[in-house]
file input-v3.pdb (PDB, C-alpha atoms)
ATOM      1  CA  MET V  21     -34.769 -11.291 -13.686
ATOM      2  CA  SER V  22     -32.894  -9.246 -16.237
ATOM      3  CA  GLN V  23     -33.314 -10.823 -19.667
ATOM      4  CA  GLY V  24     -30.168 -10.084 -21.618
ATOM      5  CA  VAL V  25     -29.805 -10.050 -25.355
ATOM      6  CA  TYR V  26     -30.203 -13.209 -27.438
ATOM      7  CA  PHE V  27     -27.301 -14.365 -29.569
ATOM      8  CA  ASP V  28     -29.675 -14.440 -32.567
ATOM      9  CA  ASP V  29     -30.095 -10.666 -32.291
ATOM     10  CA  VAL V  30     -26.385  -9.872 -32.300
ATOM     11  CA  ALA V  31     -24.540  -8.736 -35.418
ATOM     12  CA  VAL V  32     -20.850  -8.127 -35.862
ATOM     13  CA  GLY V  33     -20.224  -4.393 -35.775
ATOM     14  CA  MET V  34     -23.024  -3.547 -33.366
ATOM     15  CA  ASP V  35     -22.363  -1.528 -30.222
ATOM     16  CA  ILE V  36     -23.731  -2.569 -26.856
ATOM     17  CA  PRO V  37     -25.357   0.088 -24.614
ATOM     18  CA  ALA V  38     -22.675   2.355 -23.178
ATOM     19  CA  VAL V  39     -22.403   3.129 -19.455
ATOM     20  CA  SER V  40     -21.235   6.606 -18.391
ATOM     21  CA  LYS V  41     -20.147   7.912 -14.972
ATOM     22  CA  GLY V  42     -19.387  11.512 -14.178
ATOM     23  CA  PRO V  43     -18.363  14.194 -14.029
ATOM     24  CA  LEU V  44     -16.260  12.488 -11.393
ATOM     25  CA  THR V  45     -15.168  14.415  -8.316
ATOM     26  CA  THR V  46     -12.529  13.982  -5.640
ATOM     27  CA  ALA V  47     -15.381  12.771  -3.426
ATOM     28  CA  HIS V  48     -15.974   9.827  -5.786
ATOM     29  CA  VAL V  49     -12.273   8.957  -5.661
ATOM     30  CA  VAL V  50     -12.144   9.175  -1.868
ATOM     31  CA  ARG V  51     -15.306   7.063  -1.524
ATOM     32  CA  TRP V  52     -13.701   4.289  -3.563
ATOM     33  CA  SER V  53     -10.313   4.571  -1.839
ATOM     34  CA  ALA V  54     -11.944   4.416   1.588
ATOM     35  CA  ALA V  55     -14.093   1.419   0.621
ATOM     36  CA  MET V  56     -10.918  -0.343  -0.556
ATOM     37  CA  GLU V  57      -8.683   0.933   2.280
ATOM     38  CA  ASN V  58      -6.372   2.108  -0.490
ATOM     39  CA  TRP V  59      -4.266   4.800   1.130
ATOM     40  CA  ALA V  60      -1.982   5.605  -1.780
ATOM     41  CA  PRO V  61      -1.799   9.423  -1.557
ATOM     42  CA  ILE V  62      -1.990   9.969  -5.316
ATOM     43  CA  HIS V  63      -5.738   9.362  -4.913
ATOM     44  CA  TYR V  64      -6.498  12.009  -2.259
ATOM     45  CA  ASP V  65      -3.474  14.251  -1.619
ATOM     46  CA  TRP V  66      -3.366  16.861  -4.392
ATOM     47  CA  ARG V  67      -0.012  18.300  -3.309
ATOM     48  CA  TYR V  68       1.593  14.844  -3.182
ATOM     49  CA  ALA V  69       0.091  13.850  -6.536
ATOM     50  CA  THR V  70       1.176  17.015  -8.336
ATOM     51  CA  GLU V  71       4.447  17.921  -6.618
ATOM     52  CA  HIS V  72       5.899  14.531  -5.691
ATOM     53  CA  ASP V  73       4.600  12.411  -8.548
ATOM     54  CA  GLY V  74       4.245  15.162 -11.148
ATOM     55  CA  LEU V  75       0.666  14.199 -11.958
ATOM     56  CA  PRO V  76      -1.880  16.700 -13.283
ATOM     57  CA  ASP V  77      -4.244  16.064 -10.340
ATOM     58  CA  VAL V  78      -5.191  13.261  -7.966
ATOM     59  CA  LEU V  79      -5.986  10.151 -10.000
ATOM     60  CA  VAL V  80      -9.211   8.225 -10.338
ATOM     61  CA  ASN V  81      -8.257   4.659  -9.381
ATOM     62  CA  GLY V  82      -7.756   2.227 -12.221
ATOM     63  CA  SER V  83      -9.206  -0.393  -9.896
ATOM     64  CA  TRP V  84     -12.446   1.635  -9.935
ATOM     65  CA  LYS V  85     -12.508   2.196 -13.688
ATOM     66  CA  GLN V  86     -12.552  -1.513 -14.500
ATOM     67  CA  HIS V  87     -15.933  -1.899 -12.804
ATOM     68  CA  VAL V  88     -17.580   0.529 -15.211
ATOM     69  CA  MET V  89     -16.556  -1.754 -18.073
ATOM     70  CA  MET V  90     -17.702  -4.830 -16.150
ATOM     71  CA  GLN V  91     -21.087  -3.194 -15.530
ATOM     72  CA  ALA V  92     -21.626  -2.448 -19.220
ATOM     73  CA  LEU V  93     -20.794  -6.016 -20.226
ATOM     74  CA  ALA V  94     -22.609  -7.808 -17.389
ATOM     75  CA  ASP V  95     -25.736  -5.683 -17.882
ATOM     76  CA  TRP V  96     -25.724  -6.542 -21.584
ATOM     77  CA  ALA V  97     -25.397 -10.256 -20.815
ATOM     78  CA  GLY V  98     -28.227  -9.971 -18.269
ATOM     79  CA  ASP V  99     -29.163 -12.831 -15.962
ATOM     80  CA  THR V 100     -29.506 -15.271 -18.870
ATOM     81  CA  GLY V 101     -26.048 -14.744 -20.412
ATOM     82  CA  TRP V 102     -22.579 -14.561 -18.905
ATOM     83  CA  LEU V 103     -19.641 -12.173 -18.960
ATOM     84  CA  TRP V 104     -16.955 -14.800 -19.497
ATOM     85  CA  LYS V 105     -13.693 -13.008 -20.257
ATOM     86  CA  MET V 106     -12.418  -9.473 -20.080
ATOM     87  CA  LYS V 107      -8.929  -8.126 -20.751
ATOM     88  CA  PHE V 108      -7.705  -4.545 -20.773
ATOM     89  CA  GLN V 109      -4.730  -2.283 -20.204
ATOM     90  CA  TYR V 110      -4.588   0.915 -18.195
ATOM     91  CA  ARG V 111      -3.116   3.369 -20.677
ATOM     92  CA  GLY V 112      -4.508   6.749 -19.748
ATOM     93  CA  MET V 113      -5.135   8.777 -16.628
ATOM     94  CA  THR V 114      -8.563   9.856 -15.402
ATOM     95  CA  VAL V 115      -8.837  12.819 -13.048
ATOM     96  CA  PRO V 116     -11.626  14.663 -11.207
ATOM     97  CA  GLY V 117     -13.781  16.564 -13.690
ATOM     98  CA  ASP V 118     -13.669  13.743 -16.233
ATOM     99  CA  THR V 119     -16.671  11.724 -17.357
ATOM    100  CA  VAL V 120     -15.913   8.152 -18.404
ATOM    101  CA  THR V 121     -17.929   6.004 -20.777
ATOM    102  CA  ALA V 122     -17.575   2.241 -21.051
ATOM    103  CA  TRP V 123     -18.225   1.060 -24.592
ATOM    104  CA  ALA V 124     -18.050  -2.258 -26.430
ATOM    105  CA  ARG V 125     -18.418  -3.311 -30.058
ATOM    106  CA  VAL V 126     -19.054  -6.851 -31.290
ATOM    107  CA  ILE V 127     -16.154  -7.999 -33.469
ATOM    108  CA  GLY V 128     -16.995 -11.690 -33.685
ATOM    109  CA  ALA V 129     -19.904 -14.053 -33.071
ATOM    110  CA  SER V 130     -19.802 -17.840 -33.152
ATOM    111  CA  GLU V 131     -22.173 -20.663 -32.257
ATOM    112  CA  ARG V 132     -20.748 -22.864 -29.504
ATOM    113  CA  GLY V 133     -22.913 -25.795 -28.524
ATOM    114  CA  ALA V 134     -26.350 -24.578 -27.444
ATOM    115  CA  PHE V 135     -25.048 -21.036 -26.981
ATOM    116  CA  GLY V 136     -23.349 -18.194 -28.795
ATOM    117  CA  VAL V 137     -20.085 -16.476 -27.938
ATOM    118  CA  CYS V 138     -19.638 -12.810 -28.791
ATOM    119  CA  ASP V 139     -16.169 -11.309 -28.900
ATOM    120  CA  LEU V 140     -15.973  -7.591 -28.327
ATOM    121  CA  ASP V 141     -13.550  -4.703 -28.420
ATOM    122  CA  ILE V 142     -14.010  -2.732 -25.223
ATOM    123  CA  GLY V 143     -12.726   0.429 -23.643
ATOM    124  CA  LEU V 144     -13.283   3.396 -21.410
ATOM    125  CA  ARG V 145     -13.293   6.821 -23.065
ATOM    126  CA  ASP V 146     -13.275  10.177 -21.359
ATOM    127  CA  GLN V 147     -15.328  13.203 -22.385
ATOM    128  CA  LYS V 148     -12.585  14.277 -24.796
ATOM    129  CA  GLY V 149     -12.768  10.936 -26.582
ATOM    130  CA  VAL V 150      -9.437   9.742 -25.199
ATOM    131  CA  GLU V 151      -9.314   5.970 -24.769
ATOM    132  CA  THR V 152      -7.861   5.112 -21.339
ATOM    133  CA  SER V 153      -8.465   1.356 -20.997
ATOM    134  CA  PRO V 154      -8.598  -0.538 -24.308
ATOM    135  CA  GLY V 155      -9.193  -4.265 -24.335
ATOM    136  CA  THR V 156     -11.334  -7.182 -25.405
ATOM    137  CA  ALA V 157     -14.085  -9.313 -23.884
ATOM    138  CA  SER V 158     -16.108 -12.456 -24.552
ATOM    139  CA  VAL V 159     -19.764 -12.780 -23.568
ATOM    140  CA  VAL V 160     -21.786 -16.019 -23.744
ATOM    141  CA  LEU V 161     -25.411 -15.585 -24.765
ATOM    142  CA  PRO V 162     -28.454 -17.889 -25.007
ATOM    143  CA  ARG V 163     -30.152 -18.661 -28.310
ATOM    144  CA  ARG V 164     -33.744 -17.527 -28.752
ATOM    145  CA  GLY V 165     -35.928 -20.400 -27.546
ATOM    146  CA  GLY V 166     -32.911 -22.103 -25.984
ATOM    147  CA  PRO V 167     -31.752 -22.469 -22.376
ATOM    148  CA  SER V 168     -30.146 -19.732 -20.325
ATOM    149  CA  VAL V 169     -26.386 -20.011 -19.895
ATOM    150  CA  PRO V 170     -25.920 -22.424 -16.944
ATOM    151  CA  TYR V 171     -24.726 -20.964 -13.673
ATOM    152  CA  PRO V 172     -22.103 -21.298 -12.252
ATOM    153  CA  PHE V 173     -20.484 -20.916 -15.649
ATOM    154  CA  ASP V 174     -18.383 -23.802 -16.932
ATOM    155  CA  PRO V 175     -16.401 -23.162 -20.148
ATOM    156  CA  GLN V 176     -16.597 -26.904 -20.879
ATOM    157  CA  LEU V 177     -20.201 -26.418 -21.984
ATOM    158  CA  LEU V 178     -18.892 -24.564 -25.032
ATOM    159  CA  ALA V 179     -16.880 -27.558 -26.223
TER     160      ALA V 179
ATOM    161  CA  MET K   7      23.675   2.708 -18.852
ATOM    162  CA  VAL K   8      20.607   0.577 -18.289
ATOM    163  CA  GLY K   9      20.585  -1.499 -15.118
ATOM    164  CA  ASN K  10      19.565  -5.118 -15.009
ATOM    165  CA  TYR K  11      16.876  -5.554 -12.400
ATOM    166  CA  ILE K  12      16.167  -9.200 -13.160
ATOM    167  CA  THR K  13      18.645 -10.586 -10.672
ATOM    168  CA  ASP K  14      18.891 -14.118  -9.328
ATOM    169  CA  ALA K  15      16.807 -12.981  -6.342
ATOM    170  CA  VAL K  16      14.048 -11.879  -8.728
ATOM    171  CA  ARG K  17      14.253 -15.050 -10.824
ATOM    172  CA  GLU K  18      13.971 -17.051  -7.634
ATOM    173  CA  ILE K  19      10.473 -15.770  -6.868
ATOM    174  CA  ILE K  20       9.063 -16.353 -10.375
ATOM    175  CA  GLY K  21       6.642 -19.236  -9.976
ATOM    176  CA  LYS K  22       6.304 -18.627  -6.246
ATOM    177  CA  GLN K  23       2.747 -19.412  -5.177
ATOM    178  CA  SER K  24       0.948 -18.361  -2.021
ATOM    179  CA  ASP K  25      -1.225 -20.633   0.042
ATOM    180  CA  TRP K  26      -4.975 -20.196  -0.253
ATOM    181  CA  ILE K  27      -5.645 -17.144   1.883
ATOM    182  CA  GLU K  28      -9.134 -16.524   3.215
ATOM    183  CA  ALA K  29     -10.590 -13.042   3.576
ATOM    184  CA  SER K  30     -10.761 -11.879   7.168
ATOM    185  CA  HIS K  31     -14.559 -11.823   7.199
ATOM    186  CA  PRO K  32     -17.471 -13.244   5.203
ATOM    187  CA  VAL K  33     -19.089 -11.266   2.412
ATOM    188  CA  GLU K  34     -21.392  -8.854   4.209
ATOM    189  CA  SER K  35     -24.302  -6.880   2.770
ATOM    190  CA  SER K  36     -23.220  -3.486   4.118
ATOM    191  CA  GLU K  37     -19.738  -3.937   2.672
ATOM    192  CA  VAL K  38     -21.295  -4.883  -0.650
ATOM    193  CA  ARG K  39     -23.511  -1.781  -0.461
ATOM    194  CA  ARG K  40     -20.468   0.444   0.094
ATOM    195  CA  PHE K  41     -18.835  -1.289  -2.849
ATOM    196  CA  PHE K  42     -21.683  -0.973  -5.340
ATOM    197  CA  GLN K  43     -22.336   2.618  -4.286
ATOM    198  CA  ALA K  44     -18.660   3.417  -4.827
ATOM    199  CA  ILE K  45     -18.745   1.926  -8.338
ATOM    200  CA  MET K  46     -22.155   3.578  -8.932
ATOM    201  CA  ASP K  47     -23.871   0.363 -10.017
ATOM    202  CA  SER K  48     -27.041  -0.305  -8.026
ATOM    203  CA  ASN K  49     -28.158  -3.433  -9.910
ATOM    204  CA  ARG K  50     -30.919  -5.150  -7.928
ATOM    205  CA  ARG K  51     -29.091  -8.477  -7.897
ATOM    206  CA  TYR K  52     -26.661  -6.957  -5.381
ATOM    207  CA  TRP K  53     -29.222  -5.942  -2.729
ATOM    208  CA  ASP K  54     -32.848  -6.920  -3.482
ATOM    209  CA  LYS K  55     -33.532 -10.300  -1.875
ATOM    210  CA  GLY K  56     -36.924 -10.679  -3.558
ATOM    211  CA  TYR K  57     -35.514  -9.860  -6.960
ATOM    212  CA  ALA K  58     -32.457 -12.054  -6.534
ATOM    213  CA  ALA K  59     -34.635 -14.975  -5.387
ATOM    214  CA  GLU K  60     -36.200 -15.029  -8.849
ATOM    215  CA  THR K  61     -32.816 -15.195 -10.594
ATOM    216  CA  ARG K  62     -30.373 -18.061 -11.076
ATOM    217  CA  TYR K  63     -28.425 -16.764  -8.066
ATOM    218  CA  GLY K  64     -31.243 -17.373  -5.569
ATOM    219  CA  SER K  65     -30.094 -14.566  -3.262
ATOM    220  CA  PRO K  66     -28.105 -11.321  -3.588
ATOM    221  CA  VAL K  67     -24.627 -11.606  -5.089
ATOM    222  CA  THR K  68     -21.625  -9.314  -5.350
ATOM    223  CA  PRO K  69     -20.594  -7.347  -8.430
ATOM    224  CA  PRO K  70     -18.394  -9.448 -10.773
ATOM    225  CA  GLY K  71     -15.050  -7.968  -9.705
ATOM    226  CA  PHE K  72     -15.764  -7.778  -5.983
ATOM    227  CA  PRO K  73     -13.512 -10.713  -4.944
ATOM    228  CA  VAL K  74     -10.414  -8.827  -6.080
ATOM    229  CA  HIS K  75     -11.104  -6.248  -3.369
ATOM    230  CA  ALA K  76     -12.456  -8.509  -0.625
ATOM    231  CA  PHE K  77      -9.296  -8.785   1.447
ATOM    232  CA  ARG K  78      -9.533  -6.275   4.284
ATOM    233  CA  ARG K  79      -7.127  -5.946   7.195
ATOM    234  CA  PRO K  80      -8.215  -8.347   9.931
ATOM    235  CA  SER K  81      -9.400  -6.811  13.208
ATOM    236  CA  GLU K  82      -6.363  -8.056  15.088
ATOM    237  CA  GLN K  83      -4.005  -6.240  12.684
ATOM    238  CA  THR K  84      -4.034  -3.043  14.697
ATOM    239  CA  ASP K  85      -0.926  -1.300  13.382
ATOM    240  CA  ASP K  86      -1.981   1.973  11.786
ATOM    241  CA  PRO K  87      -1.555   1.962   7.986
ATOM    242  CA  PHE K  88      -0.739   5.675   8.272
ATOM    243  CA  ASP K  89       2.276   5.044  10.522
ATOM    244  CA  ASN K  90       4.631   5.343   7.546
ATOM    245  CA  ARG K  91       3.042   8.381   5.942
ATOM    246  CA  SER K  92       6.224  10.416   6.467
ATOM    247  CA  ASP K  93       7.976   8.076   4.009
ATOM    248  CA  PRO K  94       8.009   9.978   0.685
ATOM    249  CA  GLU K  95       7.345   6.691  -1.117
ATOM    250  CA  PHE K  96       4.390   5.780   1.141
ATOM    251  CA  ASP K  97       1.842   3.848  -0.894
ATOM    252  CA  GLY K  98      -0.400   2.618   1.904
ATOM    253  CA  SER K  99       0.333  -1.026   1.191
ATOM    254  CA  GLY K 100       3.948  -1.436   2.261
ATOM    255  CA  ARG K 101       4.723  -2.344  -1.359
ATOM    256  CA  TYR K 102       3.322  -5.837  -0.978
ATOM    257  CA  MET K 103       1.642  -6.818  -4.224
ATOM    258  CA  ARG K 104      -0.293  -9.781  -2.822
ATOM    259  CA  LEU K 105      -0.945 -11.381   0.528
ATOM    260  CA  GLY K 106       1.249 -14.426   0.964
ATOM    261  CA  LEU K 107       3.806 -13.470  -1.672
ATOM    262  CA  PRO K 108       7.200 -11.883  -0.975
ATOM    263  CA  LYS K 109       8.016  -8.363  -2.069
ATOM    264  CA  VAL K 110       9.638  -8.144  -5.492
ATOM    265  CA  PRO K 111      13.295  -7.286  -4.772
ATOM    266  CA  VAL K 112      13.605  -4.483  -7.306
ATOM    267  CA  PRO K 113      14.766  -1.011  -6.143
ATOM    268  CA  LEU K 114      12.278   0.986  -8.213
ATOM    269  CA  ALA K 115      10.034   3.366  -6.300
ATOM    270  CA  GLY K 116       6.883   3.585  -8.366
ATOM    271  CA  ILE K 117       4.255   0.913  -8.960
ATOM    272  CA  LEU K 118       1.520   1.257 -11.574
ATOM    273  CA  ASN K 119      -1.303  -1.119 -12.368
ATOM    274  CA  GLY K 120      -0.897  -2.135 -16.010
ATOM    275  CA  GLY K 121      -4.169  -3.978 -16.431
ATOM    276  CA  TYR K 122      -6.057  -7.210 -15.939
ATOM    277  CA  GLU K 123      -7.152 -10.308 -17.784
ATOM    278  CA  TYR K 124     -10.214 -11.896 -16.151
ATOM    279  CA  GLU K 125     -12.166 -15.112 -16.547
ATOM    280  CA  PHE K 126     -15.432 -15.222 -14.558
ATOM    281  CA  TYR K 127     -17.177 -18.355 -13.265
ATOM    282  CA  SER K 128     -19.613 -17.285 -10.528
ATOM    283  CA  TYR K 129     -20.455 -14.490  -8.102
ATOM    284  CA  ALA K 130     -19.939 -14.520  -4.342
ATOM    285  CA  LYS K 131     -23.008 -14.435  -2.103
ATOM    286  CA  MET K 132     -23.593 -12.838   1.274
ATOM    287  CA  GLY K 133     -22.126 -14.952   4.054
ATOM    288  CA  GLU K 134     -19.616 -16.778   1.870
ATOM    289  CA  ARG K 135     -15.925 -16.488   2.550
ATOM    290  CA  ILE K 136     -13.636 -15.641  -0.356
ATOM    291  CA  ARG K 137     -10.259 -17.281  -0.768
ATOM    292  CA  CYS K 138      -7.395 -16.295  -3.033
ATOM    293  CA  ARG K 139      -4.239 -18.021  -4.208
ATOM    294  CA  SER K 140      -1.626 -15.945  -6.043
ATOM    295  CA  THR K 141       1.379 -16.823  -8.194
ATOM    296  CA  TYR K 142       4.169 -14.733  -9.687
ATOM    297  CA  ARG K 143       3.799 -15.940 -13.280
ATOM    298  CA  ASP K 144       6.535 -13.784 -14.785
ATOM    299  CA  ILE K 145       8.795 -10.864 -13.991
ATOM    300  CA  TYR K 146      10.643  -9.192 -16.842
ATOM    301  CA  GLN K 147      12.290  -5.920 -17.752
ATOM    302  CA  ARG K 148      11.539  -3.474 -20.534
ATOM    303  CA  ASN K 149      13.849  -0.634 -21.485
ATOM    304  CA  GLY K 150      12.117   2.135 -23.364
ATOM    305  CA  LYS K 151      12.221   5.840 -24.089
ATOM    306  CA  SER K 152      10.500   6.577 -20.785
ATOM    307  CA  GLY K 153      13.045   4.563 -18.845
ATOM    308  CA  THR K 154      13.306   1.104 -17.417
ATOM    309  CA  MET K 155      10.236  -0.767 -16.272
ATOM    310  CA  VAL K 156       9.910  -4.116 -14.544
ATOM    311  CA  MET K 157       6.681  -5.938 -15.372
ATOM    312  CA  VAL K 158       5.320  -8.255 -12.671
ATOM    313  CA  VAL K 159       2.647 -10.669 -13.900
ATOM    314  CA  ILE K 160       0.535 -12.137 -11.100
ATOM    315  CA  GLU K 161      -2.039 -14.886 -11.495
ATOM    316  CA  ASP K 162      -4.852 -14.917  -8.938
ATOM    317  CA  GLU K 163      -7.499 -17.559  -8.389
ATOM    318  CA  TYR K 164     -10.547 -16.664  -6.311
ATOM    319  CA  ALA K 165     -12.934 -19.236  -4.874
ATOM    320  CA  THR K 166     -15.403 -19.575  -2.023
ATOM    321  CA  ASP K 167     -14.713 -21.500   1.162
ATOM    322  CA  THR K 168     -16.777 -24.324  -0.305
ATOM    323  CA  GLY K 169     -14.460 -24.501  -3.321
ATOM    324  CA  ARG K 170     -16.696 -22.861  -5.929
ATOM    325  CA  LEU K 171     -14.527 -20.978  -8.396
ATOM    326  CA  LEU K 172     -15.354 -17.269  -8.671
ATOM    327  CA  LEU K 173     -12.810 -15.872 -11.096
ATOM    328  CA  LYS K 174      -9.239 -16.047 -12.297
ATOM    329  CA  SER K 175      -7.126 -13.067 -13.199
ATOM    330  CA  LEU K 176      -3.765 -12.132 -14.644
ATOM    331  CA  ASN K 177      -2.657  -8.749 -13.382
ATOM    332  CA  THR K 178       0.380  -6.834 -14.616
ATOM    333  CA  GLN K 179       2.021  -4.502 -12.109
ATOM    334  CA  ILE K 180       4.593  -2.091 -13.513
ATOM    335  CA  MET K 181       7.554  -1.062 -11.381
ATOM    336  CA  ARG K 182       9.385   2.050 -12.603
TER     337      ARG K 182
END

call {"tool": "encode", "arguments": {"input": "input-v3.pdb", "output": "structure tokens"}}
result
Amino acid sequence: MSQGVYFDDVAVGMDIPAVSKGPLTTAHVVRWSAAMENWAPIHYDWRYATEHDGLPDVLVNGSWKQHVMMQALADWAGDTGWLWKMKFQYRGMTVPGDTVTAWARVIGASERGAFGVCDLDIGLRDQKGVETSPGTASVVLPRRGGPSVPYPFDPQLLA
Amino acid sequence: MVGNYITDAVREIIGKQSDWIEASHPVESSEVRRFFQAIMDSNRRYWDKGYAAETRYGSPVTPPGFPVHAFRRPSEQTDDPFDNRSDPEFDGSGRYMRLGLPKVPVPLAGILNGGYEYEFYSYAKMGERIRCRSTYRDIYQRNGKSGTMVMVVIEDEYATDTGRLLLKSLNTQIMR
């Protein structure tokens, strides 16, 4: 079992461990597109992407990028906490050659019943430091010496 | 002159809700493997039965966002998705945004994914069937420097065939 962080050990302003993927290649994009049966040519047809849609290259799927952020947050919560909420916008393109890094910083922490809720700013930066997917998240954590967050998760337990 | 894309036909589908639609096959370990390899996240809770047995899940589970992508073409849907590749606006999906919902009657060619808002409740397990119910929550127009965009806000609820809630999402699709 993966023991996540305890709420008692969290401080506003701290960063959670980042998760990086890359450099990404066209092969990574095609693997995801094939797994999803997503046949939109902007993800595998360079000529279509650049000449028809005017893009700089084929695009790494936004649907793929979100899972890097989910991984960072769910790994931090571990099997004793819970990734409760996550919200983000796709604002920037990612193309083959890029490396993406999911990051999150605690911006709020509050006791809720037997547990703690951490609010975080989140995002996905490329190797140039460009933010492509800014957003926010909320993670529920156990207290040290307290119970794990019940599963399946029920927000009512925070009332 | 800026066109008005929010016609009566568009307003008519706001609030339209699909039935619960079940994925064409149960969650299957090889499909999950392809998924977690594609997202490059090999957490043991996705594949290691012994490890997962010691966790609160009891057996391997899917990555958190898996249900959003669980709806494959059923085996009896044999028309080739590449049949329309000669269409310059081919997007591989026939411009349907969700199963069970009508197309948005807006004559704009491009569709971009604007982002998601998720709330997670549980993870799907191998052998479970995933269901989804979708609703057009809002459709509105924005006129900006880069042109006119129509924002389509879709609410999705995902649950198992036994009724256990998996996640809810609000997704914004941008037509431009």

call {"tool": "atom_distance", "arguments": {"input": "input-v3.pdb", "atom1": "atom CA of Ala92 of chain V", "atom2": "atom CA of Tyr52 of chain K"}}
result
15.4 Å

call {"tool": "closest_atom_pairs", "arguments": {"input": "input-v3.pdb", "of": "chain K", "to": "chain V", "cutoff": "6 Å", "atoms": "only C-alpha atoms", "output": "JSON lines"}}
result
{"residue": "K:Ala44", "atom": "CA", "partner": "V:Trp52", "partner_atom": "CA", "distance": 5.2}
{"residue": "K:Thr61", "atom": "CA", "partner": "V:Met21", "partner_atom": "CA", "distance": 5.3}
{"residue": "K:Asp97", "atom": "CA", "partner": "V:Ala60", "partner_atom": "CA", "distance": 4.3}
{"residue": "K:Gly98", "atom": "CA", "partner": "V:Trp59", "partner_atom": "CA", "distance": 4.5}
{"residue": "K:Gly120", "atom": "CA", "partner": "V:Tyr110", "partner_atom": "CA", "distance": 5.3}
{"residue": "K:Gly121", "atom": "CA", "partner": "V:Gln109", "partner_atom": "CA", "distance": 4.2}
{"residue": "K:Tyr122", "atom": "CA", "partner": "V:Lys107", "partner_atom": "CA", "distance": 5.7}
{"residue": "K:Glu123", "atom": "CA", "partner": "V:Lys107", "partner_atom": "CA", "distance": 4.1}
{"residue": "K:Tyr124", "atom": "CA", "partner": "V:Met106", "partner_atom": "CA", "distance": 5.1}
{"residue": "K:Glu125", "atom": "CA", "partner": "V:Lys105", "partner_atom": "CA", "distance": 4.5}
{"residue": "K:Phe126", "atom": "CA", "partner": "V:Trp104", "partner_atom": "CA", "distance": 5.2}
{"residue": "K:Tyr127", "atom": "CA", "partner": "V:Phe173", "partner_atom": "CA", "distance": 4.8}
{"residue": "K:Ser128", "atom": "CA", "partner": "V:Pro172", "partner_atom": "CA", "distance": 5.0}

call {"tool": "resolve_selection", "arguments": {"input": "input-v3.pdb", "expression": "the PyMOL selection byres ((chain V and resi 129) around 10)", "output": "ChimeraX atom specification"}}
result
/V:27-28,30-32,126-128,130-132,136-140,158-160

call {"tool": "closest_residue", "arguments": {"input": "input-v3.pdb", "among": "K:Gly21, K:Pro73, K:Pro32, K:Pro66", "to": "Val158 of chain K", "atoms": "all atoms listed in the file"}}
result
K:Gly21

call {"tool": "atom_distance", "arguments": {"input": "input-v3.pdb", "atom1": "atom CA of Thr68 of chain K", "atom2": "atom CA of Val33 of chain K"}}
result
8.4 Å

call {"tool": "resolve_selection", "arguments": {"input": "input-v3.pdb", "expression": "the PyMOL selection byres ((chain K and resi 113) around 12)", "output": "list in words"}}
result
Gly9, Asn10, Tyr11, Ile12, Thr13, Val16, Glu95, Arg101, Lys109, Val110, Pro111, Val112, Leu114, Ala115, Gly116, Ile117, Thr154, Met155, Val156, Met181 and Arg182 of chain K

call {"tool": "resolve_selection", "arguments": {"input": "input-v3.pdb", "expression": "the PyMOL selection byres ((chain K and resi 107) around 12)", "output": "list in words"}}
result
Ile19, Ile20, Gly21, Lys22, Gln23, Ser24, Asp25, Trp26, Ile27, Arg101, Tyr102, Met103, Arg104, Leu105, Gly106, Pro108, Lys109, Val110, Pro111, Cys138, Arg139, Ser140, Thr141, Tyr142, Arg143, Ile160, Glu161 and Asp162 of chain K

call {"tool": "atom_distance", "arguments": {"input": "input-v3.pdb", "atom1": "atom CA of Gly143 of chain V", "atom2": "atom CA of Met89 of chain V"}}
result
7.1 Å

call {"tool": "closest_residue", "arguments": {"input": "input-v3.pdb", "among": "V:Val25, V:Leu177, V:Val120, V:Val115", "to": "Ala69 of chain V", "atoms": "only C-alpha atoms"}}
result
V:Val115
